[in-house]
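Novice: This structure is in structure tokens; I'll ask about it shortly.
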Amino acid sequence: MPIPTAPSSAMLSEPRIRVASHFDSAEQQHRTVTLGMWVFLATEVMFFGGAFGAYCVYRHTQWQAFHDASRQLDLVAGTINTLVLLTSSLTMAFAVAAGGEGNKKRTLICLGLTIVLGAAFLGIKAIEYSHKYHAHLMPIRGLEFVWPDEQAPGAQLFFGLYFAMTGLHAVHMVIGLALLLIFLVMIARSPSTIPHSDRLMVMGLYWHFVDMIWVYLFPLLYLIDRS
Amino acid sequence: MTESHSATRDYLRGYVALLVLLVVTVGVAFMHWGPFNIIVALTIAFIKSAIIALDFMHLRVSPRLNWVVASGAFVWLLLLVMGVMADYMTRPPM
């Protein structure tokens with residue numbers, strides 16, 4: 001079973017992954033860091049799971065308000081952002097693959113593209129947030145929440161969940177972007193990508209996971225009912 | 001080389017599938033199917049996340065132990081939602 005990110009059977013002259021003292025081989029280390037990252041991502045599912053659970057309860061009890069409030073979200077911005085994030089996952093996958101092959105130039109280009117796309121996602125999100133602020137749809141203490149009918153409490157819950165869930169997701173994006181920038185500098189200053197390839201693969205897992213969360217947030221928040 | 005080429009092809013194939021599913025899920029939201037809308041939307045989201053996990057996150061070629069952790073996380077989420085909803089959906093309306 002070929003693992004695309006695994007370092008190729010490196011010749012002795014090539015730079016290699018440093019094997020930490022508590023591992024027997026680079027292969028064992030590779031398997032361990034991968035498994036460790038998956039365990040971390042499982043805890044992230046639990047972390048987001050609470051918000052998804054709350055969402056399910058309120059969508060059930062306040063379904064009319066959720067249908068109405070969901071239509072207030074900008075479908076075009078949400079769709080473009082989904083496209084941007086899916087594309088950033090593709091460039092991230094290419095960066096990891098190039099890093100595993102030792103292709104430094106391609107790794108840096110793909111990392112750069114991923115950073116640009118991630119920043120574009122956050123930029124579009126910021127524009128959406130600002131529109132919601134100006135439309136008085138931000139249920140934050142001290143701000144006025146304006147809703148035309150008696151569904152106001154439910155709509156408030158919807159927008160509370162919208163900001164909590166997309167906000168939590170955006171925090172993950174910011175952390176991801178910061179890590180990507182560190183990788184960009186680290187790899188640019190290093191003679192080879194090979195010693196960084198395991199770390200880069202773990203970075204990729206994180207980035208794809210954040211993409212995956214958005215894959216669920218998008219239909220649950222933006223697409224409740226557009227008919 | 002052939003190995004990396006097939007990986008690139010896998011990524012592109014996954015990406016195209018994700019884009020198609022994005023168009024489908026947006027289109028379906030405009031249909032008036034009542035409670036089936038959420039079922040279809042979540043099914044599409046699940047397929048999309050499976051493509052991301054299998055292709056981009058290499059779960060397809062990962063050791064079985066990683067599969068156990070990944071599916072365990074998903075099953076945990078299902079238990080949470082099913083447990084909570086089993087309560088709320090069987091209560092008289094508030």
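By convention here, the chains of the structure tokens are called A, B, ... in the order presented, each chain's residues are numbered starting at 1, and ligands are numbered starting at 1 in the order presented.
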Counting only C-alpha atoms, which residues of chain A come no farther than 6 Å from chain B, as an MDAnalysis selection string?
Specialist: chainID A and resid 35 42 49 53 93 205 212 215:216 223 225:227
Novice: Using only C-alpha atoms for the distances, tell me which of A:Ala69, A:Val19, A:Ala54, A:Leu85 is nearest to Pro153 of chain A.
Specialist: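 That would be A:Ala69, the residue with the smallest distance to Pro153 of chain A.
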Novice: Go through chain B and collect every residue that DSSP, computed from the backbone, puts in alpha helix (DSSP H); the answer should be as JSON, numbers by chain.
Specialist: {"B": [2, 3, 4, 5, 6, 7, 8, 9, 10, 11, 12, 13, 14, 15, 16, 17, 18, 19, 20, 21, 22, 23, 24, 25, 26, 27, 28, 29, 36, 37, 38, 39, 40, 41, 42, 43, 44, 45, 46, 47, 48, 49, 50, 51, 64, 65, 66, 67, 68, 69, 70, 71, 72, 73, 74, 75, 76, 77, 78, 79, 80, 81, 82, 83, 84, 85, 86, 87, 88]}
Novice: What is the atom CA of Ala95 of chain A-atom CA of Ile80 of chain A distance in Å, reported with one decimal?
Specialist: 22.3 Å
Novice: Using atom CA of Lys132 of chain A and atom CA of Val146 of chain A as the two end points, give the distance in Å to one decimal.
Specialist: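 For atom CA of Lys132 of chain A relative to atom CA of Val146 of chain A, the distance reads 10.7 Å.
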